[in-house]
2 protein chains.
Amino acid sequence: MSTKVVKSIREAIGLSGLKDGMTVSFHHHLRNGDHVLNIVMAEIAGLGIRDLTVNASSLFDIHQPLADHIRNGVVTAIQTDYMAAGLGKAISRGLMEKPVQFRTHGGRPSDIASGNTPIDVAFIAAPSADPMGNCSGKYGKSACGSLGYAIPDAMYARHVVVITDNLVPYPLLDWSIPEIYVDAVVSVDAIGDPAGIVSGTTRITRDPVGLVMASYAARVIEHSGLLADGFSFQTGAGGASLAAAGFLKDIMLAKGVQGSFGLGGITGYMVDMLQAGCFQSLLDVQCFDLKAVESIRSDPRHQEISALHYASPTQRSAVVDSLDVVILGATEIDTDFNVNVHTDSNGYIMGGSGGHSDTAAGAKLAMIIAPMFRARLPIVTDRVTCISTPGRDIDVLVTQGGIAVNPKNGELCRRLRDAGLPVIDIHDLKAKAESMTGTPRRLTKGDRPVAQVIGRDGGLLDTIYNVPEA
Amino acid sequence: MSTKVVKSIREAIGLSGLKDGMTVSFHHHLRNGDHVLNIVMAEIAGLGIRDLTVNASSLFDIHQPLADHIRNGVVTAIQTDYMAAGLGKAISRGLMEKPVQFRTHGGRPSDIASGNTPIDVAFIAAPSADPMGNCSGKYGKSACGSLGYAIPDAMYARHVVVITDNLVPYPLLDWSIPEIYVDAVVSVDAIGDPAGIVSGTTRITRDPVGLVMASYAARVIEHSGLLADGFSFQTGAGGASLAAAGFLKDIMLAKGVQGSFGLGGITGYMVDMLQAGCFQSLLDVQCFDLKAVESIRSDPRHQEISALHYASPTQRSAVVDSLDVVILGATEIDTDFNVNVHTDSNGYIMGGSGGHSDTAAGAKLAMIIAPMFRARLPIVTDRVTCISTPGRDIDVLVTQGGIAVNPKNGELCRRLRDAGLPVIDIHDLKAKAESMTGTPRRLTKGDRPVAQVIGRDGGLLDTIYNVPEA
């Protein structure tokens, strides 16, 4: 029987030809439950390999051990689409020599496919795999559903190692990644902690402010002119966004609107909308909760898509190009509608674009939903600390204190006013928030670049500087 | 709403930038019912574009109009894996200046992926497609099931045109080819004739000689040592091969053997074996009949695979590498077990390797099933007219007059003798046939190469010469 199974991750690393100065890649479908990045990096460190670039679709707090690998010179560069606050704070304090390169969920696979960011060895955490490397995220004790972000890594890396805790007989069916791309398979006890694979962010808000925003958001969509048969929709996994989806579902059912597809990052709330008939399909690059995992496994209307198919700006097209409405978050938004999702208001890295810029660029209506202020800091500023998504791609900001429409959208503004929604100029919204909180003091930036924000078109969008010790 | 739909094939050709000297590609899932190659080539000819290379996964008799395009200088080179007798005879008579390049179903996608045979414009006949180019073979009035051979063309061609007679709203689900590879979509009245899409070859034999061979073939497999749980199998669509599958099914059910997968070119007979529990899955690069089409559409155990996944020798692996047994045909086989499936005994082109060489190289047991003679010409010769598959990859020849085992397989020979099967030395088999038919006269070859047979490893395996007028 043919097999690519090797005994250990260490043996797989040895066979991969990994050497100092190369690039390794990881995907983030196991989210804050992922064990694979840490196990692999520990083995690499143990083998004395140094000066590596880590290209990871996202980095979560569980990946905190990377900080030690950076201190020890094992890792000297990071390319990612998202970095959680733990590692983000260390980076912002100046942990790394080379600035982190942030890309988007569409820009990352685009640069991988084009060869701009070649990967030497991709490590694929696979909830199920067969001995030849056909693998899937849908089955097994560590099931995470879609493996969409891992697909470009597998297609284009020089060497591909699949790591699984559920080795099944050949052939595994319904593969996310076919054997044609896989060099080696390693069986381990656990690729992750199921409790961490499902994020805590996928719960609907009960906060009254969040519910007001959500209600406004749903009504903006209702009156946008886009809510008709064929409607397509993406929303994030934040509590207010999910509440907005809930209100939107009620409106769609009441009006009998038959949408075409829900996109994303899929939560159980989107599955509810599918099952209720709001959409004919879900296109899923990542599952956020167990209900989404169960749905993608069992419902043929719920389909896995690769990150290339989701959002790449350099393929012939991607699903984001056909998207009607996306609801997105922000830590800051400025009066030019530029959005920051990379840093908090103190300048510390605690996020990243993910699919933010991609969906904003593709969607006919890109909506930011955010409270007027967080921890007494207004959301609207003169200038965001970091431009994650350019204002030209943002159509409207929904807060509990009013709805600010990008001046480029005269028609939308008129529609919302006609519907009696509380439209407000973004400068007035800023003033309104500051009248309650006072004008925040300007952030003191350091002078050392710690991260570059690369737009989905490949250009430098912004630079993030270190935060000096207080 | 985003769309890639253009008004006509002519407009799509114009937008593709197709110019003199370029390469266009086609796939053959619509078999002898395909209209697309002829429609497209007529438009190209009408536009005055000349000196093209046609890279087609197979060419059937319906593609006879190609002969005129060759005569008129529109087409000056052909790359294909199979050519039916009509066009084959014209080529053998010396129609083309440049020799036809024959590849295998695995070698073709390998050379496309590597850039050895770049495609400028791929034309994909798609039984269903959406306006962004997501397309499938499973649905629509011209449903053909798998689009496996078209997938590499779509992935690697500089420009991709999808031609459909069933344009559906976005997003088409369960795509064979995703929109990320597609530049333009054209809607036409009919991409093919459903009656021709299902070939007449997929009927079980009733011929007594065929049934004897089929029975031997099944018993060879039974006693090969390979028929155990996990068993995997491919068979062609010829009558005797299908009858062998029928006998094999009975043996597997009687013995309770639970196989892993059936591969190929899938017929209703393989679907029967799946449904009877002989296999856990079918991996399908092409559907031969409506029962297979219905199965791939509705049974999740029946999965589409790309030609790369099926048989490419240069991917990290392909399914043929995990195959236990394949049953194949031959027009001739020589005493070194070299097999000819490209020409008839008169030297006229009337076929091609298809997946013959690929599965023979991959399978643990590659079996040729053929009658001792056809039209009073013995099958076994001193030297085949054309080497399609090298003898080193063939394990056993089954005829009604005995079973010849390749001498490299001592163990198999012993097993078959022990089972009481009529094992015969291939030289004795040849003599036995000739004692009935007389020694055939040697073929008179012409001196002009009309085709090159390129092995799956990319090397020149044989050259086919013209057949002089009698």
# chains A, B, ... in the order shown; residues from 1 in each chain; ligands from 1
$ closest_atom_pairs --of "chain A" --to "chain B" --cutoff "10 Å" --atoms "only C-alpha atoms" --output "Markdown table"
| residue | atom | partner | partner_atom | distance |
| --- | --- | --- | --- | --- |
| A:Met1 | CA | B:Ser322 | CA | 6.8 |
| A:Ser2 | CA | B:Ser322 | CA | 5.8 |
| A:Thr3 | CA | B:Ser322 | CA | 8.6 |
| A:Lys4 | CA | B:Ser317 | CA | 9.4 |
| A:Met132 | CA | B:Ser317 | CA | 7.4 |
| A:Gly133 | CA | B:Ser317 | CA | 9.0 |
| A:His159 | CA | B:Arg316 | CA | 9.4 |
| A:Val160 | CA | B:Arg316 | CA | 9.5 |
| A:Pro169 | CA | B:Ser260 | CA | 8.3 |
| A:Tyr170 | CA | B:Ser260 | CA | 7.2 |
| A:Pro171 | CA | B:Ser260 | CA | 7.2 |
| A:Leu172 | CA | B:Ser281 | CA | 9.2 |
| A:Leu173 | CA | B:Arg301 | CA | 7.1 |
| A:Asp174 | CA | B:Gln303 | CA | 7.5 |
| A:Trp175 | CA | B:Gln303 | CA | 9.8 |
| A:Pro178 | CA | B:His309 | CA | 7.2 |
| A:Glu179 | CA | B:Ser317 | CA | 6.1 |
| A:Ile180 | CA | B:Arg316 | CA | 4.9 |
| A:Tyr181 | CA | B:Arg316 | CA | 5.7 |
| A:Val182 | CA | B:Arg316 | CA | 6.0 |
| A:Asp183 | CA | B:Arg316 | CA | 6.0 |
| A:Ala184 | CA | B:Arg316 | CA | 9.3 |
| A:Gly230 | CA | B:Tyr170 | CA | 8.3 |
| A:Ser232 | CA | B:Tyr170 | CA | 10.0 |
| A:Ser260 | CA | B:Tyr170 | CA | 7.2 |
| A:Phe261 | CA | B:Pro171 | CA | 7.3 |
| A:Gln280 | CA | B:Pro171 | CA | 9.0 |
| A:Ser281 | CA | B:Leu173 | CA | 7.8 |
| A:Leu282 | CA | B:Leu173 | CA | 9.4 |
| A:Leu283 | CA | B:Leu173 | CA | 8.9 |
| A:Pro300 | CA | B:Asp174 | CA | 7.9 |
| A:Arg301 | CA | B:Leu173 | CA | 7.1 |
| A:His302 | CA | B:Leu173 | CA | 8.7 |
| A:Gln303 | CA | B:Leu173 | CA | 7.3 |
| A:Glu304 | CA | B:Asp174 | CA | 9.6 |
| A:Ile305 | CA | B:Pro178 | CA | 9.0 |
| A:Ser306 | CA | B:Pro178 | CA | 9.7 |
| A:Leu308 | CA | B:Ile180 | CA | 7.2 |
| A:His309 | CA | B:Ile180 | CA | 5.8 |
| A:Tyr310 | CA | B:Ile180 | CA | 9.2 |
| A:Ala311 | CA | B:Ile180 | CA | 9.7 |
| A:Ser312 | CA | B:Ile180 | CA | 8.5 |
| A:Pro313 | CA | B:Ile180 | CA | 9.8 |
| A:Thr314 | CA | B:Ile180 | CA | 8.8 |
| A:Gln315 | CA | B:Ile180 | CA | 5.1 |
| A:Arg316 | CA | B:Ile180 | CA | 4.9 |
| A:Ser317 | CA | B:Ile180 | CA | 5.0 |
| A:Ala318 | CA | B:Ile180 | CA | 6.0 |
| A:Val319 | CA | B:Glu179 | CA | 8.4 |
| A:Asp321 | CA | B:Ser2 | CA | 7.1 |
| A:Ser322 | CA | B:Ser2 | CA | 5.8 |
| A:Leu323 | CA | B:Met1 | CA | 8.9 |
| A:Asp324 | CA | B:Met1 | CA | 8.8 |
| A:Lys364 | CA | B:Met1 | CA | 9.5 |
$ residues_around --residues "stretch 155-158 of chain A" --least-positions-apart "3" --cutoff "8 Å" --atoms "only C-alpha atoms" --output "PyMOL selection string"
chain A and resi 112-113+118-122+151-152+181
$ residues_around --residues "stretch 423-429 of chain B" --least-positions-apart "2" --cutoff "9 Å" --atoms "only C-alpha atoms" --output "ChimeraX atom specification"
/B:334-337,372,380-382,397,399,401-407,413,416-417,420-421,431-434
$ write_last_selection --atoms "C-alpha atoms" --output "PDB file, in the first residue's frame"
ATOM      1  CA  ASP B 334       3.918  -8.414 -28.404  1.00  0.00           C
ATOM      2  CA  THR B 335       5.951 -11.154 -26.794  1.00  0.00           C
ATOM      3  CA  ASP B 336       7.660  -8.505 -24.636  1.00  0.00           C
ATOM      4  CA  PHE B 337       4.175  -7.487 -23.432  1.00  0.00           C
ATOM      5  CA  MET B 372      -6.569 -14.247 -29.522  1.00  0.00           C
ATOM      6  CA  VAL B 380       0.075 -11.429 -30.091  1.00  0.00           C
ATOM      7  CA  THR B 381       2.879 -10.378 -32.407  1.00  0.00           C
ATOM      8  CA  ASP B 382       6.644 -10.347 -32.343  1.00  0.00           C
ATOM      9  CA  LEU B 397      -2.572 -11.013 -20.819  1.00  0.00           C
ATOM     10  CA  THR B 399      -7.317 -14.356 -23.891  1.00  0.00           C
ATOM     11  CA  GLY B 401      -6.925 -19.301 -25.493  1.00  0.00           C
ATOM     12  CA  GLY B 402      -4.964 -18.939 -22.287  1.00  0.00           C
ATOM     13  CA  ILE B 403      -3.422 -16.535 -19.807  1.00  0.00           C
ATOM     14  CA  ALA B 404       0.102 -15.278 -20.428  1.00  0.00           C
ATOM     15  CA  VAL B 405       1.948 -13.888 -17.430  1.00  0.00           C
ATOM     16  CA  ASN B 406       4.823 -11.456 -17.853  1.00  0.00           C
ATOM     17  CA  PRO B 407       7.922 -13.423 -16.809  1.00  0.00           C
ATOM     18  CA  CYS B 413       2.299 -17.135 -12.452  1.00  0.00           C
ATOM     19  CA  LEU B 416      -2.620 -18.709 -11.251  1.00  0.00           C
ATOM     20  CA  ARG B 417      -1.258 -22.192 -11.995  1.00  0.00           C
ATOM     21  CA  GLY B 420      -5.923 -24.238 -12.123  1.00  0.00           C
ATOM     22  CA  LEU B 421      -6.073 -21.359 -14.572  1.00  0.00           C
ATOM     23  CA  ALA B 431       1.987 -19.870 -32.029  1.00  0.00           C
ATOM     24  CA  LYS B 432      -1.414 -21.213 -31.030  1.00  0.00           C
ATOM     25  CA  ALA B 433      -3.165 -18.274 -32.640  1.00  0.00           C
ATOM     26  CA  GLU B 434      -1.027 -18.430 -35.750  1.00  0.00           C
TER      27      GLU B 434
END
$ closest_residue --among "A:Ala150, A:Ala143, A:Leu328, A:Val5" --to "A:Cys287" --atoms "only C-alpha atoms"
A:Ala143
$ residues_around --residues "B:Asp393" --least-positions-apart "5" --cutoff "8 Å" --atoms "only C-alpha atoms" --output "MDAnalysis selection string"
chainID B and resid 357 360:361 366
$ select_by_dssp --residues "stretch 175-269 of chain A" --states "strand (DSSP E or B)" --output "compact mmCIF listing (two decimals) with C-alpha atoms, in the first residue's frame"
# COMPACT_ATOMS: atom_id res chain seq x y z
CA ILE A 177 -6.91 19.41 -0.25
CA ALA A 184 4.22 13.83 3.79
CA VAL A 185 1.62 12.92 6.38
CA VAL A 186 2.22 12.82 10.13
CA SER A 187 -0.19 11.33 12.63
CA GLY A 192 -5.77 21.04 18.71
CA PHE A 233 -24.37 38.96 2.59
CA GLN A 234 -21.38 38.59 4.88
CA THR A 235 -21.09 39.51 8.50
CA PHE A 261 -25.53 33.32 -0.78
CA GLY A 262 -24.07 34.01 2.63
CA LEU A 263 -20.30 34.36 2.68
CA GLY A 264 -17.47 34.25 5.12
CA GLY A 265 -16.35 33.14 8.11
CA ILE A 266 -19.62 31.26 8.77
$ residues_around --residues "stretch 438-444 of chain B" --least-positions-apart "6" --cutoff "10 Å" --atoms "only C-alpha atoms" --output "list in words"
Ser345, Asn346, Gly347, Arg376, Leu377, Pro378, Thr381, Thr385, Lys430, Ala431, Lys432, Tyr465, Asn466, Val467, Pro468 and Ala470 of chain B
$ residues_around --residues "A:Ser128" --least-positions-apart "3" --cutoff "9 Å" --atoms "only C-alpha atoms" --output "tab-separated table (two decimals) with N, CA, C and O atoms, in the first residue's frame"
chain	number	residue	atom	x	y	z
A	125	ALA	N	-2.58	21.65	9.35
A	125	ALA	CA	-3.31	20.97	10.43
A	125	ALA	C	-4.60	20.43	9.84
A	125	ALA	O	-5.45	21.20	9.41
A	134	ASN	N	-4.72	13.17	1.02
A	134	ASN	CA	-6.04	13.77	0.85
A	134	ASN	C	-6.54	14.15	2.24
A	134	ASN	O	-6.50	13.31	3.15
A	135	CYS	N	-6.99	15.37	2.44
A	135	CYS	CA	-7.35	15.76	3.79
A	135	CYS	C	-8.54	16.70	3.82
A	135	CYS	O	-8.86	17.36	2.83
A	136	SER	N	-9.19	16.73	4.97
A	136	SER	CA	-10.44	17.47	5.13
A	136	SER	C	-10.50	18.06	6.52
A	136	SER	O	-9.97	17.49	7.48
A	137	GLY	N	-11.20	19.19	6.63
A	137	GLY	CA	-11.44	19.79	7.93
A	137	GLY	C	-12.76	19.38	8.53
A	137	GLY	O	-13.07	19.74	9.66
A	138	LYS	N	-13.56	18.59	7.80
A	138	LYS	CA	-14.95	18.38	8.21
A	138	LYS	C	-15.15	17.26	9.22
A	138	LYS	O	-16.18	17.20	9.87
A	139	TYR	N	-14.17	16.35	9.28
A	139	TYR	CA	-14.39	15.12	10.05
A	139	TYR	C	-13.30	14.96	11.10
A	139	TYR	O	-12.20	15.46	10.94
A	140	GLY	N	-13.61	14.21	12.16
A	140	GLY	CA	-12.62	13.92	13.18
A	140	GLY	C	-12.89	14.70	14.45
A	140	GLY	O	-13.69	15.64	14.48
A	141	LYS	N	-12.17	14.32	15.51
A	141	LYS	CA	-12.41	14.93	16.82
A	141	LYS	C	-12.02	16.42	16.83
A	141	LYS	O	-12.50	17.17	17.66
A	142	SER	N	-11.13	16.82	15.92
A	142	SER	CA	-10.72	18.23	15.86
A	142	SER	C	-11.36	18.95	14.68
A	142	SER	O	-10.82	19.94	14.18
A	143	ALA	N	-12.50	18.45	14.23
A	143	ALA	CA	-13.15	19.03	13.04
A	143	ALA	C	-13.31	20.54	13.18
A	143	ALA	O	-13.76	21.04	14.20
A	163	ILE	N	-0.52	17.31	8.89
A	163	ILE	CA	-0.45	16.80	10.26
A	163	ILE	C	-1.88	16.56	10.72
A	163	ILE	O	-2.71	17.47	10.69
A	164	THR	N	-2.17	15.32	11.12
A	164	THR	CA	-3.55	14.96	11.44
A	164	THR	C	-3.62	14.18	12.73
A	164	THR	O	-2.65	13.52	13.13
A	165	ASP	N	-4.79	14.24	13.38
A	165	ASP	CA	-5.05	13.34	14.50
A	165	ASP	C	-6.20	12.38	14.18
A	165	ASP	O	-6.79	11.79	15.06
A	166	ASN	N	-6.46	12.24	12.89
A	166	ASN	CA	-7.48	11.28	12.46
A	166	ASN	C	-7.09	10.73	11.10
A	166	ASN	O	-7.58	11.18	10.07
A	167	LEU	N	-6.18	9.75	11.13
A	167	LEU	CA	-5.70	9.13	9.89
A	167	LEU	C	-6.70	8.06	9.48
A	167	LEU	O	-6.99	7.15	10.25
A	168	VAL	N	-7.26	8.20	8.29
A	168	VAL	CA	-8.32	7.28	7.83
A	168	VAL	C	-7.81	6.50	6.62
A	168	VAL	O	-6.85	6.92	5.97
A	172	LEU	N	-9.67	9.09	1.54
A	172	LEU	CA	-10.58	10.01	2.22
A	172	LEU	C	-11.38	10.73	1.13
A	172	LEU	O	-10.80	11.19	0.15
A	175	TRP	N	-12.40	15.67	0.09
A	175	TRP	CA	-11.18	16.33	0.54
A	175	TRP	C	-11.27	17.85	0.36
A	175	TRP	O	-11.88	18.35	-0.58
$ select_by_dssp --residues "stretch 350-447 of chain B" --states "helix (DSSP H, G or I)" --output "ChimeraX atom specification"
/B:356-362,391-393,410-418,426-437
$ write_last_selection --atoms "N, CA, C and O atoms" --output "CSV table (one decimal), in the first residue's frame"
chain,number,residue,atom,x,y,z
B,356,HIS,N,-4.4,4.4,-20.3
B,356,HIS,CA,-3.9,3.1,-20.4
B,356,HIS,C,-2.5,3.0,-19.7
B,356,HIS,O,-2.3,2.2,-18.8
B,357,SER,N,-1.5,3.8,-20.2
B,357,SER,CA,-0.2,3.7,-19.7
B,357,SER,C,-0.1,4.2,-18.2
B,357,SER,O,0.7,3.7,-17.4
B,358,ASP,N,-1.0,5.1,-17.9
B,358,ASP,CA,-0.9,5.7,-16.5
B,358,ASP,C,-1.4,4.6,-15.5
B,358,ASP,O,-0.7,4.5,-14.5
B,359,THR,N,-2.5,4.0,-15.8
B,359,THR,CA,-3.0,3.0,-14.8
B,359,THR,C,-2.1,1.8,-14.9
B,359,THR,O,-1.9,1.1,-13.8
B,360,ALA,N,-1.6,1.4,-16.0
B,360,ALA,CA,-0.7,0.2,-16.1
B,360,ALA,C,0.6,0.5,-15.2
B,360,ALA,O,1.0,-0.4,-14.5
B,361,ALA,N,1.1,1.7,-15.3
B,361,ALA,CA,2.3,2.0,-14.5
B,361,ALA,C,2.0,2.1,-13.0
B,361,ALA,O,2.8,1.6,-12.2
B,362,GLY,N,0.8,2.5,-12.7
B,362,GLY,CA,0.5,2.7,-11.3
B,362,GLY,C,0.0,1.4,-10.6
B,362,GLY,O,0.3,1.1,-9.4
B,391,GLY,N,6.0,-2.9,-22.1
B,391,GLY,CA,5.7,-4.2,-21.6
B,391,GLY,C,6.1,-4.3,-20.1
B,391,GLY,O,5.5,-5.1,-19.4
B,392,ARG,N,7.0,-3.5,-19.7
B,392,ARG,CA,7.4,-3.6,-18.2
B,392,ARG,C,6.3,-3.2,-17.3
B,392,ARG,O,6.3,-3.6,-16.1
B,393,ASP,N,5.3,-2.5,-17.8
B,393,ASP,CA,4.2,-2.1,-17.0
B,393,ASP,C,3.0,-3.1,-17.1
B,393,ASP,O,1.9,-2.8,-16.4
B,410,GLY,N,6.9,-14.0,-11.4
B,410,GLY,CA,6.9,-15.4,-11.1
B,410,GLY,C,5.8,-15.8,-10.1
B,410,GLY,O,5.1,-16.8,-10.2
B,411,GLU,N,5.7,-14.9,-9.1
B,411,GLU,CA,4.7,-15.2,-8.0
B,411,GLU,C,3.3,-15.3,-8.6
B,411,GLU,O,2.5,-16.2,-8.2
B,412,LEU,N,2.9,-14.3,-9.4
B,412,LEU,CA,1.6,-14.3,-10.0
B,412,LEU,C,1.4,-15.6,-10.8
B,412,LEU,O,0.3,-16.2,-10.8
B,413,CYS,N,2.4,-16.0,-11.6
B,413,CYS,CA,2.3,-17.1,-12.5
B,413,CYS,C,2.0,-18.4,-11.6
B,413,CYS,O,1.1,-19.2,-11.9
B,414,ARG,N,2.7,-18.5,-10.5
B,414,ARG,CA,2.6,-19.7,-9.6
B,414,ARG,C,1.1,-19.7,-9.0
B,414,ARG,O,0.5,-20.7,-9.0
B,415,ARG,N,0.7,-18.5,-8.6
B,415,ARG,CA,-0.7,-18.4,-8.0
B,415,ARG,C,-1.7,-18.9,-9.0
B,415,ARG,O,-2.7,-19.6,-8.6
B,416,LEU,N,-1.6,-18.4,-10.3
B,416,LEU,CA,-2.6,-18.7,-11.3
B,416,LEU,C,-2.6,-20.2,-11.6
B,416,LEU,O,-3.6,-20.8,-11.8
B,417,ARG,N,-1.4,-20.7,-11.7
B,417,ARG,CA,-1.3,-22.2,-12.0
B,417,ARG,C,-1.9,-23.0,-10.9
B,417,ARG,O,-2.7,-23.9,-11.1
B,418,ASP,N,-1.6,-22.6,-9.6
B,418,ASP,CA,-2.1,-23.3,-8.4
B,418,ASP,C,-3.7,-23.2,-8.5
B,418,ASP,O,-4.3,-24.2,-8.0
B,426,ILE,N,3.7,-16.7,-23.5
B,426,ILE,CA,3.1,-15.8,-24.5
B,426,ILE,C,3.6,-16.2,-25.9
B,426,ILE,O,2.8,-16.0,-26.9
B,427,HIS,N,4.8,-16.8,-26.0
B,427,HIS,CA,5.2,-17.3,-27.3
B,427,HIS,C,4.3,-18.4,-27.8
B,427,HIS,O,4.0,-18.6,-29.0
B,428,ASP,N,4.0,-19.3,-26.9
B,428,ASP,CA,3.1,-20.4,-27.2
B,428,ASP,C,1.7,-19.9,-27.6
B,428,ASP,O,1.1,-20.5,-28.5
B,429,LEU,N,1.3,-18.9,-26.9
B,429,LEU,CA,0.0,-18.3,-27.2
B,429,LEU,C,0.0,-17.7,-28.6
B,429,LEU,O,-1.0,-17.9,-29.4
B,430,LYS,N,1.1,-17.1,-29.0
B,430,LYS,CA,1.2,-16.5,-30.3
B,430,LYS,C,1.2,-17.7,-31.4
B,430,LYS,O,0.5,-17.6,-32.4
B,431,ALA,N,1.9,-18.7,-31.1
B,431,ALA,CA,2.0,-19.9,-32.0
B,431,ALA,C,0.6,-20.5,-32.2
B,431,ALA,O,0.2,-20.9,-33.3
B,432,LYS,N,-0.1,-20.6,-31.0
B,432,LYS,CA,-1.4,-21.2,-31.0
B,432,LYS,C,-2.4,-20.4,-31.9
B,432,LYS,O,-3.1,-21.0,-32.7
B,433,ALA,N,-2.3,-19.1,-31.8
B,433,ALA,CA,-3.2,-18.3,-32.6
B,433,ALA,C,-2.8,-18.4,-34.1
B,433,ALA,O,-3.6,-18.6,-35.0
B,434,GLU,N,-1.5,-18.4,-34.3
B,434,GLU,CA,-1.0,-18.4,-35.8
B,434,GLU,C,-1.3,-19.8,-36.4
B,434,GLU,O,-1.5,-19.9,-37.6
B,435,SER,N,-1.4,-20.8,-35.5
B,435,SER,CA,-1.8,-22.1,-36.1
B,435,SER,C,-3.2,-22.1,-36.6
B,435,SER,O,-3.5,-22.9,-37.5
B,436,MET,N,-4.0,-21.2,-36.1
B,436,MET,CA,-5.4,-21.1,-36.6
B,436,MET,C,-5.5,-20.1,-37.7
B,436,MET,O,-6.4,-20.3,-38.6
B,437,THR,N,-4.7,-19.1,-37.7
B,437,THR,CA,-4.9,-18.0,-38.7
B,437,THR,C,-3.9,-18.0,-39.8
B,437,THR,O,-4.0,-17.3,-40.8
$ closest_residue --among "A:Gly239, A:Pro449, A:Gly455, A:Gly268" --to "A:Pro208" --atoms "only C-alpha atoms"
A:Gly239
$ atom_distance --atom1 "atom CA of B:Leu248" --atom2 "atom CA of B:Val285"
21.9 Å
$ residues_around --residues "A:Gly48" --least-positions-apart "2" --cutoff "12 Å" --atoms "only C-alpha atoms" --output "short mmCIF file (atom, residue, chain, number, x, y, z; two decimals) with N, CA, C and O atoms, in the first residue's frame"
data_model
loop_
_atom_site.label_atom_id
_atom_site.label_comp_id
_atom_site.auth_asym_id
_atom_site.auth_seq_id
_atom_site.Cartn_x
_atom_site.Cartn_y
_atom_site.Cartn_z
N ARG A 10 9.35 15.66 13.43
CA ARG A 10 10.78 15.89 13.26
C ARG A 10 11.28 15.24 11.96
O ARG A 10 12.02 15.85 11.19
N ILE A 13 10.08 17.26 9.03
CA ILE A 13 10.88 18.48 8.85
C ILE A 13 12.20 18.12 8.17
O ILE A 13 12.64 18.80 7.23
N GLY A 14 12.81 17.04 8.62
CA GLY A 14 14.06 16.60 8.02
C GLY A 14 13.90 16.33 6.53
O GLY A 14 14.69 16.79 5.70
N LEU A 18 14.02 21.67 5.04
CA LEU A 18 13.95 23.00 5.67
C LEU A 18 15.34 23.42 6.19
O LEU A 18 16.01 22.67 6.87
N LYS A 19 15.71 24.65 5.83
CA LYS A 19 17.03 25.17 6.21
C LYS A 19 16.91 26.60 6.72
O LYS A 19 15.88 27.26 6.50
N ASP A 20 17.96 27.08 7.34
CA ASP A 20 18.01 28.46 7.82
C ASP A 20 17.57 29.43 6.72
O ASP A 20 17.96 29.27 5.55
N GLY A 21 16.78 30.40 7.10
CA GLY A 21 16.42 31.46 6.16
C GLY A 21 15.18 31.18 5.33
O GLY A 21 14.76 32.04 4.55
N MET A 41 6.95 24.46 15.51
CA MET A 41 8.01 25.45 15.76
C MET A 41 8.95 24.97 16.86
O MET A 41 10.16 25.23 16.82
N ALA A 42 8.41 24.24 17.84
CA ALA A 42 9.28 23.68 18.88
C ALA A 42 10.24 22.66 18.29
O ALA A 42 11.44 22.63 18.62
N GLU A 43 9.74 21.83 17.37
CA GLU A 43 10.62 20.84 16.72
C GLU A 43 11.69 21.53 15.87
O GLU A 43 12.85 21.14 15.86
N ILE A 44 11.25 22.55 15.15
CA ILE A 44 12.19 23.29 14.30
C ILE A 44 13.28 23.92 15.17
O ILE A 44 14.48 23.83 14.85
N ALA A 45 12.86 24.51 16.28
CA ALA A 45 13.85 25.12 17.20
C ALA A 45 14.79 24.04 17.73
O ALA A 45 16.02 24.25 17.79
N GLY A 46 14.22 22.89 18.06
CA GLY A 46 15.03 21.78 18.58
C GLY A 46 16.05 21.29 17.57
O GLY A 46 17.12 20.79 17.93
N ARG A 50 17.26 28.20 12.06
CA ARG A 50 17.11 29.59 12.50
C ARG A 50 16.73 30.52 11.34
O ARG A 50 16.71 30.11 10.20
N ASP A 51 16.42 31.72 11.72
CA ASP A 51 16.22 32.79 10.75
C ASP A 51 15.05 32.49 9.79
O ASP A 51 15.12 32.76 8.60
N LEU A 52 13.98 31.93 10.34
CA LEU A 52 12.84 31.56 9.50
C LEU A 52 11.84 32.71 9.39
O LEU A 52 11.71 33.53 10.30
N HIS A 69 10.53 32.09 20.23
CA HIS A 69 11.27 31.74 19.01
C HIS A 69 11.83 32.99 18.33
O HIS A 69 12.88 32.94 17.69
N ASN A 72 14.85 34.04 20.35
CA ASN A 72 15.98 33.12 20.17
C ASN A 72 16.52 33.09 18.75
O ASN A 72 17.41 32.30 18.44
N GLY A 73 15.93 33.90 17.87
CA GLY A 73 16.45 33.96 16.50
C GLY A 73 15.98 32.83 15.60
O GLY A 73 16.44 32.72 14.47
N VAL A 74 15.08 32.00 16.11
CA VAL A 74 14.52 30.94 15.24
C VAL A 74 13.61 31.59 14.19
O VAL A 74 13.63 31.21 13.02
N VAL A 75 12.83 32.56 14.63
CA VAL A 75 11.93 33.28 13.72
C VAL A 75 12.38 34.74 13.65
O VAL A 75 12.52 35.40 14.67
#
$ closest_residue --among "A:Val398, A:Leu30, A:Val320, A:Met270" --to "A:Ile296" --atoms "only C-alpha atoms"
A:Met270
